[in-house]
>>> print(open('run-v4.txt').read())   # compact mmCIF, C-alpha atoms and all ligand atoms
# COMPACT_ATOMS: atom_id res chain seq x y z
CA MET G 3 0.00 0.00 0.00
CA ASP G 4 1.39 3.38 -1.03
CA LEU G 5 -0.45 6.43 0.27
CA ASP G 6 1.87 8.95 -1.40
CA LEU G 7 1.50 10.74 -4.73
CA THR G 8 3.64 9.92 -7.75
CA GLU G 9 5.91 12.61 -9.20
CA ASP G 10 3.52 13.07 -12.14
CA GLU G 11 0.59 13.51 -9.76
CA ARG G 12 2.55 16.09 -7.78
CA ASP G 13 3.45 17.98 -10.97
CA ILE G 14 -0.16 18.13 -12.14
CA ARG G 15 -1.35 19.27 -8.73
CA GLN G 16 1.41 21.89 -8.52
CA TRP G 17 0.45 23.30 -11.90
CA VAL G 18 -3.17 23.69 -10.80
CA ARG G 19 -2.09 25.14 -7.44
CA THR G 20 0.01 27.82 -9.13
CA PHE G 21 -2.72 28.52 -11.70
CA VAL G 22 -5.30 29.04 -8.96
CA GLU G 23 -2.99 31.35 -6.99
CA LYS G 24 -1.84 33.41 -9.99
CA GLU G 25 -4.90 33.46 -12.24
CA VAL G 26 -8.01 32.62 -10.24
CA MET G 27 -7.59 34.13 -6.76
CA PRO G 28 -6.87 37.65 -8.10
CA LEU G 29 -10.43 37.64 -9.51
CA GLU G 30 -12.06 37.08 -6.11
CA GLN G 31 -12.75 40.75 -5.36
CA ASP G 32 -14.33 41.15 -8.83
CA VAL G 33 -16.59 38.17 -8.18
CA LEU G 34 -17.68 39.60 -4.81
CA ALA G 35 -18.32 43.00 -6.42
CA ARG G 36 -20.35 41.38 -9.20
CA GLU G 37 -22.39 39.47 -6.64
CA ARG G 38 -23.29 42.75 -4.94
CA ARG G 39 -24.64 43.87 -8.34
CA HIS G 40 -26.66 40.62 -8.53
CA GLU G 41 -24.44 39.22 -11.30
CA ARG G 42 -23.24 35.64 -11.03
CA GLY G 43 -19.74 34.21 -11.35
CA LEU G 44 -17.23 35.40 -13.90
CA PRO G 45 -18.08 37.33 -17.07
CA ALA G 46 -18.19 34.83 -19.97
CA GLU G 47 -15.17 36.38 -21.71
CA GLU G 48 -13.10 36.26 -18.50
CA LEU G 49 -13.97 32.60 -17.96
CA LYS G 50 -13.05 31.83 -21.57
CA ARG G 51 -9.72 33.66 -21.25
CA LEU G 52 -8.84 31.58 -18.19
CA GLN G 53 -9.99 28.36 -19.81
CA ASP G 54 -7.95 29.13 -22.95
CA THR G 55 -4.85 29.82 -20.86
CA ALA G 56 -5.33 26.48 -19.09
CA ARG G 57 -5.97 24.69 -22.38
CA GLU G 58 -2.68 25.94 -23.80
CA ALA G 59 -0.98 24.23 -20.87
CA GLY G 60 -2.92 21.02 -21.59
CA PHE G 61 -5.69 21.43 -19.02
CA PHE G 62 -8.82 20.58 -20.94
CA GLY G 63 -11.39 17.90 -20.16
CA VAL G 64 -9.99 16.60 -16.86
CA LEU G 65 -12.25 13.53 -16.90
CA THR G 66 -12.95 13.48 -20.65
CA PRO G 67 -11.36 10.42 -22.30
CA GLU G 68 -8.29 11.11 -24.41
CA GLU G 69 -10.00 9.87 -27.59
CA HIS G 70 -12.44 12.77 -27.15
CA GLY G 71 -9.61 15.28 -26.74
CA GLY G 72 -9.57 15.31 -22.93
CA MET G 73 -6.93 14.48 -20.33
CA GLY G 74 -8.64 11.30 -19.16
CA LEU G 75 -7.21 11.74 -15.67
CA SER G 76 -7.85 9.19 -12.92
CA ALA G 77 -10.57 9.86 -10.36
CA VAL G 78 -7.91 10.36 -7.67
CA MET G 79 -6.18 12.98 -9.80
CA ALA G 80 -9.50 14.65 -10.64
CA ALA G 81 -10.24 14.87 -6.90
CA LEU G 82 -6.84 16.43 -6.21
CA VAL G 83 -7.42 18.97 -8.99
CA GLU G 84 -10.86 19.78 -7.56
CA VAL G 85 -9.38 20.39 -4.09
CA GLU G 86 -7.00 22.97 -5.59
CA LEU G 87 -9.81 24.68 -7.53
CA GLY G 88 -11.90 24.71 -4.35
CA ARG G 89 -9.31 26.87 -2.58
CA SER G 90 -10.91 29.80 -4.37
CA PHE G 91 -14.64 30.49 -4.33
CA VAL G 92 -14.40 31.83 -7.89
CA PRO G 93 -16.61 29.40 -9.80
CA PHE G 94 -13.92 28.40 -12.30
CA ARG G 95 -13.70 25.03 -13.98
CA PHE G 96 -11.55 23.79 -16.83
CA ALA G 97 -13.22 23.58 -20.22
CA GLY G 98 -13.72 20.33 -22.10
CA GLU G 99 -16.21 18.47 -19.89
CA ALA G 100 -19.45 16.84 -20.97
CA ASP G 101 -22.19 15.01 -19.07
CA ASN G 102 -21.15 11.39 -18.68
CA ILE G 103 -24.40 10.02 -20.13
CA LEU G 104 -23.79 11.82 -23.45
CA PHE G 105 -21.00 9.34 -24.10
CA HIS G 106 -23.78 6.72 -24.53
CA ALA G 107 -25.30 8.74 -27.36
CA THR G 108 -25.57 7.49 -30.94
CA GLU G 109 -22.96 8.71 -33.42
CA ALA G 110 -25.39 11.34 -34.77
CA GLN G 111 -26.26 12.52 -31.24
CA GLN G 112 -22.58 12.68 -30.31
CA GLU G 113 -22.00 14.96 -33.29
CA GLU G 114 -24.94 17.18 -32.32
CA TYR G 115 -24.58 17.22 -28.52
CA LEU G 116 -21.47 15.55 -27.08
CA ARG G 117 -18.74 17.17 -29.18
CA PRO G 118 -20.14 20.73 -29.06
CA THR G 119 -20.55 20.35 -25.26
CA ILE G 120 -16.91 19.29 -24.90
CA GLU G 121 -15.84 22.20 -27.13
CA GLY G 122 -18.02 24.60 -25.12
CA THR G 123 -20.09 25.79 -28.08
CA ARG G 124 -23.30 24.24 -26.66
CA ARG G 125 -24.46 24.11 -23.06
CA SER G 126 -26.43 21.28 -21.53
CA CYS G 127 -28.63 20.89 -18.47
CA PHE G 128 -29.89 17.81 -16.64
CA ALA G 129 -33.56 17.80 -15.65
CA ILE G 130 -35.11 15.19 -13.41
CA THR G 131 -36.30 17.17 -10.35
CA GLU G 132 -39.92 18.38 -10.40
CA PRO G 133 -42.01 20.42 -7.97
CA GLY G 134 -43.38 17.13 -6.60
CA ALA G 135 -40.30 14.93 -7.04
CA GLY G 136 -36.86 15.75 -5.56
CA SER G 137 -35.36 13.16 -3.23
CA ASP G 138 -38.07 10.81 -4.44
CA ALA G 139 -37.09 11.04 -8.11
CA ARG G 140 -39.27 8.03 -8.92
CA ALA G 141 -42.31 10.27 -8.35
CA ILE G 142 -41.74 12.31 -11.54
CA ARG G 143 -44.88 13.07 -13.56
CA THR G 144 -43.56 14.78 -16.69
CA LYS G 145 -44.79 12.57 -19.50
CA ALA G 146 -43.86 11.89 -23.11
CA GLU G 147 -46.65 10.47 -25.27
CA ARG G 148 -46.39 8.90 -28.69
CA ASP G 149 -47.97 10.83 -31.56
CA GLY G 150 -47.22 9.17 -34.90
CA ASP G 151 -43.42 8.97 -35.15
CA ASP G 152 -42.94 11.74 -32.59
CA TRP G 153 -43.03 12.12 -28.83
CA VAL G 154 -44.90 14.97 -27.12
CA ILE G 155 -43.47 16.05 -23.76
CA THR G 156 -45.57 17.79 -21.11
CA GLY G 157 -44.59 18.70 -17.56
CA GLU G 158 -42.61 20.92 -15.18
CA LYS G 159 -39.03 20.60 -14.01
CA THR G 160 -37.47 22.69 -11.27
CA PHE G 161 -34.08 23.57 -9.73
CA ILE G 162 -32.28 22.80 -12.98
CA THR G 163 -28.67 23.97 -12.84
CA GLY G 164 -27.82 25.99 -15.94
CA GLY G 165 -31.41 25.59 -17.10
CA HIS G 166 -31.80 29.23 -18.07
CA GLU G 167 -28.56 29.32 -20.07
CA ALA G 168 -28.65 25.84 -21.64
CA ASP G 169 -29.01 25.24 -25.38
CA PHE G 170 -30.42 21.77 -24.81
CA VAL G 171 -31.78 19.66 -21.97
CA MET G 172 -31.48 16.02 -21.00
CA VAL G 173 -35.03 15.66 -19.73
CA PHE G 174 -36.52 12.60 -18.03
CA ALA G 175 -40.16 11.77 -18.73
CA VAL G 176 -42.57 8.91 -18.10
CA THR G 177 -43.17 6.93 -21.30
CA ASP G 178 -45.02 3.95 -19.78
CA ALA G 179 -47.70 5.21 -17.36
CA GLU G 180 -48.79 1.75 -16.24
CA ALA G 181 -45.27 0.53 -15.42
CA HIS G 182 -44.68 3.84 -13.62
CA ARG G 183 -47.84 3.45 -11.50
CA GLU G 184 -46.69 -0.04 -10.58
CA GLY G 185 -43.29 1.26 -9.49
CA ARG G 186 -41.35 -0.32 -12.38
CA THR G 187 -39.20 2.79 -12.92
CA GLY G 188 -36.56 0.71 -14.69
CA GLU G 189 -39.02 0.38 -17.59
CA SER G 190 -41.14 3.52 -17.35
CA VAL G 191 -38.84 6.52 -17.76
CA THR G 192 -37.05 7.74 -20.92
CA CYS G 193 -34.37 10.39 -21.39
CA PHE G 194 -34.77 12.86 -24.28
CA LEU G 195 -32.26 15.32 -25.73
CA VAL G 196 -34.29 18.44 -26.48
CA ASP G 197 -33.05 21.68 -28.06
CA ARG G 198 -34.46 24.89 -26.60
CA GLU G 199 -35.74 25.79 -30.10
CA ARG G 200 -38.25 22.95 -29.80
CA GLY G 201 -40.21 25.11 -27.41
CA TRP G 202 -39.41 24.47 -23.76
CA THR G 203 -39.16 27.60 -21.66
CA SER G 204 -37.23 28.50 -18.51
CA HIS G 205 -37.27 31.04 -15.75
CA PRO G 206 -34.49 31.58 -13.21
CA ILE G 207 -34.87 30.83 -9.50
CA ASP G 208 -33.04 33.18 -7.15
CA THR G 209 -31.04 31.45 -4.41
CA MET G 210 -28.91 32.45 -1.41
CA GLY G 211 -25.71 31.47 -3.24
CA GLU G 212 -23.82 31.51 -6.49
CA TRP G 213 -26.01 28.84 -8.02
CA GLY G 214 -28.96 30.08 -10.05
CA PRO G 215 -31.00 27.11 -11.21
CA ALA G 216 -34.15 27.41 -13.32
CA ALA G 217 -37.66 26.05 -13.61
CA LEU G 218 -38.45 24.53 -17.01
CA THR G 219 -41.84 24.17 -18.66
CA PHE G 220 -42.68 21.62 -21.34
CA ASP G 221 -46.04 22.44 -22.81
CA GLY G 222 -46.57 19.80 -25.50
CA VAL G 223 -42.97 19.92 -26.79
CA ARG G 224 -42.73 17.71 -29.88
CA VAL G 225 -39.54 15.72 -30.55
CA PRO G 226 -38.66 12.97 -33.04
CA GLN G 227 -37.70 9.41 -32.04
CA SER G 228 -34.05 10.36 -32.66
CA ALA G 229 -34.22 12.56 -29.53
CA VAL G 230 -34.26 9.48 -27.28
CA LEU G 231 -30.96 9.04 -25.41
CA GLY G 232 -30.24 5.35 -24.91
CA GLU G 233 -33.35 3.15 -25.00
CA VAL G 234 -37.02 3.93 -24.50
CA GLY G 235 -37.95 3.01 -20.90
CA LYS G 236 -34.33 2.81 -19.69
CA GLY G 237 -33.89 6.46 -18.71
CA PHE G 238 -33.96 6.08 -14.94
CA ALA G 239 -30.69 4.14 -14.93
CA LEU G 240 -29.13 6.95 -17.01
CA ALA G 241 -30.36 9.51 -14.49
CA MET G 242 -28.78 7.56 -11.63
CA GLN G 243 -25.57 7.23 -13.62
CA TRP G 244 -25.46 11.01 -14.18
CA ILE G 245 -26.04 11.73 -10.48
CA GLY G 246 -23.44 9.15 -9.45
CA LYS G 247 -20.86 10.45 -11.93
CA GLY G 248 -18.56 11.85 -9.37
CA ARG G 249 -20.18 12.45 -6.04
CA TYR G 250 -16.66 12.50 -4.53
CA LEU G 251 -15.86 15.66 -6.52
CA LEU G 252 -18.38 17.79 -4.61
CA PRO G 253 -16.79 17.30 -1.18
CA ALA G 254 -13.34 17.52 -2.83
CA ARG G 255 -14.16 21.07 -3.90
CA ALA G 256 -15.44 21.92 -0.41
CA LEU G 257 -12.26 20.47 1.07
CA GLY G 258 -10.11 23.04 -0.76
CA GLY G 259 -12.27 25.85 0.59
CA CYS G 260 -12.02 24.47 4.13
CA GLU G 261 -8.21 24.33 3.94
CA ARG G 262 -8.10 27.96 2.89
CA MET G 263 -10.59 29.08 5.54
CA VAL G 264 -8.62 27.41 8.34
CA GLU G 265 -5.43 29.05 7.04
CA MET G 266 -7.24 32.39 7.08
CA GLY G 267 -8.58 31.67 10.58
CA MET G 268 -5.11 30.87 11.93
CA GLU G 269 -3.61 33.99 10.37
CA TRP G 270 -6.35 36.10 11.91
CA ALA G 271 -6.00 34.43 15.31
CA ARG G 272 -2.26 35.08 15.41
CA ASN G 273 -2.76 38.79 14.76
CA ARG G 274 -5.98 39.64 16.58
CA VAL G 275 -5.22 40.75 20.12
CA THR G 276 -7.84 40.84 22.88
CA PHE G 277 -7.26 41.35 26.59
CA GLY G 278 -3.53 41.71 25.88
CA GLN G 279 -3.02 38.43 23.99
CA PRO G 280 -3.50 37.10 20.47
CA ILE G 281 -6.72 35.07 20.38
CA ALA G 282 -4.58 32.19 19.01
CA GLU G 283 -3.39 31.74 22.62
CA ARG G 284 -6.94 30.93 23.81
CA GLN G 285 -8.02 27.34 24.11
CA ALA G 286 -11.49 28.16 22.74
CA ILE G 287 -9.87 29.28 19.45
CA GLN G 288 -7.27 26.49 19.38
CA TRP G 289 -9.97 23.85 19.69
CA MET G 290 -11.83 25.29 16.73
CA VAL G 291 -8.62 25.10 14.69
CA ALA G 292 -7.84 21.57 15.90
CA ASP G 293 -11.34 20.18 15.29
CA SER G 294 -11.38 21.73 11.82
CA ALA G 295 -7.97 20.28 10.92
CA VAL G 296 -9.07 16.80 12.01
CA ASP G 297 -12.28 17.12 9.97
CA ILE G 298 -10.27 18.23 6.93
CA GLU G 299 -7.89 15.29 7.21
CA ALA G 300 -10.74 12.81 7.65
CA LEU G 301 -12.56 14.29 4.68
CA ARG G 302 -9.42 14.14 2.54
CA TRP G 303 -9.16 10.38 3.12
CA LEU G 304 -12.87 9.77 2.56
CA VAL G 305 -12.65 11.61 -0.77
CA LEU G 306 -9.46 9.85 -1.84
CA SER G 307 -10.78 6.45 -0.78
CA ALA G 308 -13.95 6.97 -2.83
CA ALA G 309 -11.93 8.16 -5.84
CA TRP G 310 -9.53 5.24 -5.50
CA GLN G 311 -12.47 2.83 -5.53
CA VAL G 312 -13.78 4.48 -8.71
CA ASP G 313 -10.35 4.00 -10.36
CA ALA G 314 -10.18 0.40 -9.15
CA GLY G 315 -13.53 -0.30 -10.83
CA ARG G 316 -15.12 -1.23 -7.50
CA ASP G 317 -18.65 -0.40 -6.44
CA SER G 318 -17.87 3.02 -4.93
CA ARG G 319 -21.42 4.13 -4.09
CA GLN G 320 -21.10 3.62 -0.33
CA ALA G 321 -17.76 5.44 -0.19
CA GLN G 322 -19.08 8.27 -2.34
CA SER G 323 -22.17 8.72 -0.16
CA MET G 324 -19.99 8.78 2.95
CA ALA G 325 -17.64 11.40 1.46
CA LYS G 326 -20.59 13.54 0.30
CA LEU G 327 -22.38 13.32 3.67
CA PHE G 328 -19.30 13.95 5.81
CA GLY G 329 -18.11 16.73 3.50
CA GLY G 330 -21.45 18.54 3.57
CA VAL G 331 -21.87 18.38 7.33
CA ARG G 332 -18.28 19.10 8.33
CA ALA G 333 -17.57 21.81 5.76
CA ASN G 334 -20.60 23.67 7.11
CA GLU G 335 -19.26 23.32 10.65
CA ILE G 336 -15.81 24.52 9.58
CA VAL G 337 -17.07 27.64 7.82
CA ASP G 338 -19.18 28.45 10.88
CA ARG G 339 -16.16 28.07 13.20
CA MET G 340 -13.85 30.14 10.99
CA LEU G 341 -16.47 32.86 10.65
CA GLN G 342 -16.67 32.86 14.47
CA VAL G 343 -12.87 33.17 14.78
CA HIS G 344 -13.07 36.35 12.66
CA GLY G 345 -15.73 37.89 14.90
CA GLY G 346 -17.63 40.81 13.34
CA MET G 347 -15.30 40.83 10.31
CA GLY G 348 -16.42 37.28 9.51
CA TYR G 349 -19.97 38.51 9.05
CA THR G 350 -19.03 41.28 6.60
CA ARG G 351 -18.71 41.10 2.85
CA GLU G 352 -15.13 42.36 3.08
CA LEU G 353 -14.03 38.74 3.54
CA PRO G 354 -15.19 35.74 1.54
CA LEU G 355 -16.30 33.77 4.62
CA GLU G 356 -19.95 34.82 4.48
CA ARG G 357 -20.00 33.83 0.82
CA TRP G 358 -18.60 30.39 1.58
CA TYR G 359 -21.12 30.17 4.44
CA ARG G 360 -23.97 30.56 1.92
CA GLU G 361 -22.28 28.49 -0.81
CA LEU G 362 -21.49 25.43 1.27
CA ARG G 363 -25.03 25.10 2.56
CA LEU G 364 -26.02 23.71 -0.83
CA LEU G 365 -23.72 20.72 -0.42
CA ARG G 366 -26.11 19.31 2.18
CA ILE G 367 -29.02 19.53 -0.27
CA TYR G 368 -28.26 18.90 -3.94
CA GLU G 369 -27.28 15.61 -5.58
CA GLY G 370 -28.77 13.73 -2.62
CA THR G 371 -29.52 15.46 0.70
CA ASP G 372 -27.78 14.47 3.95
CA GLU G 373 -30.84 12.44 4.88
CA ILE G 374 -30.84 10.57 1.58
CA GLN G 375 -27.10 9.80 1.90
CA ARG G 376 -27.73 8.43 5.42
CA ARG G 377 -30.62 6.37 4.07
CA THR G 378 -28.37 4.93 1.34
CA ILE G 379 -25.49 4.23 3.72
CA ALA G 380 -27.72 2.53 6.31
CA ARG G 381 -29.57 0.46 3.69
CA ASN G 382 -26.34 -0.75 2.12
CA LEU G 383 -25.10 -1.86 5.54
CA LEU G 384 -28.36 -3.41 6.74
CA LYS G 385 -28.87 -5.32 3.50
CA GLY G 386 -25.28 -6.57 3.57
CA HIS G 387 -24.18 -4.76 0.39
CA ALA G 388 -21.48 -2.93 2.38
CA SER G 389 -19.53 -3.60 5.55
CA VAL G 390 -18.49 -1.32 8.41
CA ARG G 391 -15.03 -2.75 7.80
CA GLY G 392 -14.85 -0.61 4.64
CA HIS G 393 -13.29 -1.57 1.33
CA LEU G 394 -10.22 -3.21 2.90
CA GLY G 395 -12.49 -5.81 4.50
C1 LIG C 401 -29.06 24.98 -6.40
C2 LIG C 401 -29.67 23.67 -6.80
C3 LIG C 401 -29.28 23.06 -7.98
C4 LIG C 401 -29.90 21.87 -8.41
N1 LIG C 401 -29.58 21.33 -9.62
C5 LIG C 401 -30.33 20.31 -10.12
C6 LIG C 401 -30.17 19.86 -11.48
O1 LIG C 401 -29.30 20.34 -12.23
N2 LIG C 401 -31.00 18.89 -11.97
C7 LIG C 401 -31.98 18.33 -11.19
O2 LIG C 401 -32.70 17.46 -11.71
N3 LIG C 401 -32.14 18.70 -9.88
C8 LIG C 401 -31.36 19.69 -9.33
N4 LIG C 401 -31.55 20.12 -8.03
C9 LIG C 401 -32.58 19.47 -7.21
C10 LIG C 401 -32.00 18.75 -6.01
O3 LIG C 401 -31.38 17.56 -6.42
C11 LIG C 401 -33.15 18.54 -5.03
O4 LIG C 401 -33.46 19.81 -4.48
C12 LIG C 401 -32.79 17.56 -3.92
O5 LIG C 401 -32.67 16.26 -4.45
C13 LIG C 401 -33.83 17.56 -2.80
O6 LIG C 401 -35.12 17.45 -3.31
P1 LIG C 401 -36.27 18.47 -2.80
O7 LIG C 401 -35.73 19.84 -2.89
O8 LIG C 401 -37.52 18.18 -3.55
O9 LIG C 401 -36.48 18.14 -1.28
P2 LIG C 401 -37.43 16.91 -0.65
O10 LIG C 401 -37.14 15.70 -1.41
O11 LIG C 401 -38.83 17.46 -0.69
O12 LIG C 401 -36.88 16.86 0.78
C14 LIG C 401 -37.24 17.80 1.81
C15 LIG C 401 -36.55 17.36 3.10
O13 LIG C 401 -37.03 16.05 3.48
C16 LIG C 401 -35.94 15.15 3.60
N5 LIG C 401 -36.35 13.83 3.15
C17 LIG C 401 -36.90 13.48 1.96
N6 LIG C 401 -37.13 12.16 1.91
C18 LIG C 401 -36.71 11.64 3.10
C19 LIG C 401 -36.64 10.34 3.67
N7 LIG C 401 -37.07 9.26 2.98
N8 LIG C 401 -36.15 10.20 4.91
C20 LIG C 401 -35.72 11.28 5.61
N9 LIG C 401 -35.74 12.53 5.13
C21 LIG C 401 -36.22 12.71 3.89
C22 LIG C 401 -34.85 15.72 2.69
O14 LIG C 401 -33.57 15.25 3.05
C23 LIG C 401 -35.03 17.21 2.95
O15 LIG C 401 -34.40 17.55 4.16
C24 LIG C 401 -30.88 21.27 -7.58
C25 LIG C 401 -31.23 21.87 -6.34
C26 LIG C 401 -30.66 23.05 -5.96
C27 LIG C 401 -31.08 23.68 -4.66
>>> encode(input="run-v4.txt", output="structure tokens", more="lines below")
Ligand SMILES: Cc1cc2nc3c(=O)[nH]c(=O)nc-3n(C[C@H](O)[C@H](O)[C@H](O)COP(=O)(O)OP(=O)(O)OC[C@H]3O[C@@H](n4cnc5c(N)ncnc54)[C@H](O)[C@@H]3O)c2cc1C
Amino acid sequence: MDLDLTEDERDIRQWVRTFVEKEVMPLEQDVLARERRHERGLPAEELKRLQDTAREAGFFGVLTPEEHGGMGLSAVMAALVEVELGRSFVPFRFAGEADNILFHATEAQQEEYLRPTIEGTRRSCFAITEPGAGSDARAIRTKAERDGDDWVITGEKTFITGGHEADFVMVFAVTDAEAHREGRTGESVTCFLVDRERGWTSHPIDTMGEWGPAALTFDGVRVPQSAVLGEVGKGFALAMQWIGKGRYLLPARALGGCERMVEMGMEWARNRVTFGQPIAERQAIQWMVADSAVDIEALRWLVLSAAWQVDAGRDSRQAQSMAKLFGGVRANEIVDRMLQVHGGMGYTRELPLERWYRELRLLRIYEGTDEIQRRTIARNLLKGHASVRGHLG
């Protein structure tokens, strides 16, 4: 067993670390100023400039297979890259990624959707959640009915990330009402690739953080048979595959932010003097630093263990749920502690802590809430699919 990084892995990580420090972090004040003007993230041209700079150095499509022009990095490496990116709250990501389920598309669909998504000329969104179906995704009611050679889609989707900006949607609809009523979701749901021009509409939903998802309306949207992704009736498995694509990457990103916040907290504590002593001398502050450092280290190993299991081709679902749950809960505790260490300054918009405070709250909700992760973890254990001895047995 070797728990160290190879030289190549160190080099890749170092490149990203330097890139984040030199290119991404200097944009933080701009991002905070934009947020005060109710504008999200980076301006499109700024994001493109950064992505082009990274691409020139070979950083394009971290998880995209090499035959599609990407780097095809391992899951462990992707997690390490995500930690470095997470050290800044600037919502930057390398270009060249596409939704994993688009790789199952037919050759014609790949030409129309996969390749332009990788190249960044078309934007996708993934739509399963509905007003009446979130955690319980099997309760979706959006339907697609046959009409001659076409399908006609009717229903509402909500909380769709990128839904207001997307050029096309991967939408999940019930195509076999009887099977759906009987709970046979493995046969009842189909995924369709639908261009915005076909008539679906969107309106943005304001949130407490950077993320601005959208509600989508399908009012009799007509699509041809060639819009079906995969097979008719087999969409639910695709949805689960999309959601499970890299659950370890979400807490990996939070981990980078937590490292930075604890570094900021320690710096502040060394310099802030009360009652004649730096607050770093007080046990109350030291314990917050110590507890946060232990949480960070535990989270690092949960993330890396999940990523390692992905690379090893093992069933990583239990490990990924654990990393997502622990990351969501503990990252929220860490940001709260570090905001506390900064006192009144922590509450202001002069420092990025309040932004992280709002941002990280989402990690406990999307792509499976804390409660749903606990449900999954407990079920896997109780049914004997996983052991408390972990993957080493
Ligand atoms: C910013 C943002 C972006 C999103 N992006 C997307 C996207 O791109 N595509 C998409 O399809 N969806 C997206 N979602 C939807 C997201 O996945 C759902 O919000 C999430 O799954 C929770 O569903 P819900 O909001 O309906 O809450 P509910 O399912 O109504 O849950 C409400 C509460 O009850 C708890 N609960 C539910 N069931 C149980 C149970 N069995 N046992 C115990 N507790 C339970 C939940 O944990 C939660 O605390 C996004 C959401 C947000 C906020």
>>> residues_around(input="run-v4.txt", residues="G:Glu269", least_positions_apart="5", cutoff="9 Å", atoms="only C-alpha atoms", output="list of chain:residue names")
G:Val264, G:Arg274, G:Ala282
>>> axis_aligned_box(input="run-v4.txt", around="ligand LIG 401 (chain C)", padding_each_side="8 Å", output="AutoDock Vina command-line options")
--center_x -33.9 --center_y 17.1 --center_z -3.3 --size_x 25.8 --size_y 31.7 --size_z 33.8
>>> closest_atom_pairs(input="run-v4.txt", of="stretch 120-222 of chain G", to="stretch 358-379 of chain G", cutoff="12 Å", atoms="only C-alpha atoms", output="JSON lines")
{"residue": "G:Phe128", "atom": "CA", "partner": "G:Glu369", "partner_atom": "CA", "distance": 11.6}
{"residue": "G:Ile130", "atom": "CA", "partner": "G:Glu369", "partner_atom": "CA", "distance": 11.1}
{"residue": "G:Thr131", "atom": "CA", "partner": "G:Glu369", "partner_atom": "CA", "distance": 10.3}
{"residue": "G:Gly136", "atom": "CA", "partner": "G:Gly370", "partner_atom": "CA", "distance": 8.8}
{"residue": "G:Ser137", "atom": "CA", "partner": "G:Gly370", "partner_atom": "CA", "distance": 6.6}
{"residue": "G:Asp138", "atom": "CA", "partner": "G:Ile374", "partner_atom": "CA", "distance": 9.4}
{"residue": "G:Ala139", "atom": "CA", "partner": "G:Gly370", "partner_atom": "CA", "distance": 10.3}
{"residue": "G:Phe161", "atom": "CA", "partner": "G:Tyr368", "partner_atom": "CA", "distance": 9.4}
{"residue": "G:Ile162", "atom": "CA", "partner": "G:Tyr368", "partner_atom": "CA", "distance": 10.6}
{"residue": "G:Thr163", "atom": "CA", "partner": "G:Tyr368", "partner_atom": "CA", "distance": 10.3}
{"residue": "G:Thr209", "atom": "CA", "partner": "G:Arg360", "partner_atom": "CA", "distance": 9.5}
{"residue": "G:Met210", "atom": "CA", "partner": "G:Arg360", "partner_atom": "CA", "distance": 6.3}
{"residue": "G:Gly211", "atom": "CA", "partner": "G:Glu361", "partner_atom": "CA", "distance": 5.2}
{"residue": "G:Glu212", "atom": "CA", "partner": "G:Glu361", "partner_atom": "CA", "distance": 6.6}
{"residue": "G:Trp213", "atom": "CA", "partner": "G:Glu361", "partner_atom": "CA", "distance": 8.1}
{"residue": "G:Gly214", "atom": "CA", "partner": "G:Glu361", "partner_atom": "CA", "distance": 11.5}
{"residue": "G:Pro215", "atom": "CA", "partner": "G:Tyr368", "partner_atom": "CA", "distance": 11.3}
>>> residues_near_point(input="run-v4.txt", point="(-42.4, 30.3, -22.5)", cutoff="10 Å", atoms="all atoms listed in the file", output="list in words")
Gly201, Trp202, Thr203, Ser204, His205, Leu218, Thr219, Phe220 and Asp221 of chain G
>>> write_last_selection(input="run-v4.txt", atoms="C-alpha atoms", output="PDB file, in the coordinates of the input")
ATOM      1  CA  GLY G 201     -40.210  25.110 -27.410  1.00  0.00           C
ATOM      2  CA  TRP G 202     -39.410  24.470 -23.760  1.00  0.00           C
ATOM      3  CA  THR G 203     -39.160  27.600 -21.660  1.00  0.00           C
ATOM      4  CA  SER G 204     -37.230  28.500 -18.510  1.00  0.00           C
ATOM      5  CA  HIS G 205     -37.270  31.040 -15.750  1.00  0.00           C
ATOM      6  CA  LEU G 218     -38.450  24.530 -17.010  1.00  0.00           C
ATOM      7  CA  THR G 219     -41.840  24.170 -18.660  1.00  0.00           C
ATOM      8  CA  PHE G 220     -42.680  21.620 -21.340  1.00  0.00           C
ATOM      9  CA  ASP G 221     -46.040  22.440 -22.810  1.00  0.00           C
TER      10      ASP G 221
END
>>> residues_around(input="run-v4.txt", residues="G:Asp313", least_positions_apart="2", cutoff="10 Å", atoms="only C-alpha atoms", output="ChimeraX atom specification")
/G:75-79,307-311,315-316,318
>>> write_last_selection(input="run-v4.txt", atoms="C-alpha atoms", output="PDB file, keeping the file's coordinate frame")
ATOM      1  CA  LEU G  75      -7.210  11.740 -15.670  1.00  0.00           C
ATOM      2  CA  SER G  76      -7.850   9.190 -12.920  1.00  0.00           C
ATOM      3  CA  ALA G  77     -10.570   9.860 -10.360  1.00  0.00           C
ATOM      4  CA  VAL G  78      -7.910  10.360  -7.670  1.00  0.00           C
ATOM      5  CA  MET G  79      -6.180  12.980  -9.800  1.00  0.00           C
ATOM      6  CA  SER G 307     -10.780   6.450  -0.780  1.00  0.00           C
ATOM      7  CA  ALA G 308     -13.950   6.970  -2.830  1.00  0.00           C
ATOM      8  CA  ALA G 309     -11.930   8.160  -5.840  1.00  0.00           C
ATOM      9  CA  TRP G 310      -9.530   5.240  -5.500  1.00  0.00           C
ATOM     10  CA  GLN G 311     -12.470   2.830  -5.530  1.00  0.00           C
ATOM     11  CA  GLY G 315     -13.530  -0.300 -10.830  1.00  0.00           C
ATOM     12  CA  ARG G 316     -15.120  -1.230  -7.500  1.00  0.00           C
ATOM     13  CA  SER G 318     -17.870   3.020  -4.930  1.00  0.00           C
TER      14      SER G 318
END
>>> residues_around(input="run-v4.txt", residues="G:Val18", least_positions_apart="5", cutoff="8 Å", atoms="all atoms listed in the file", output="count of residues only")
3
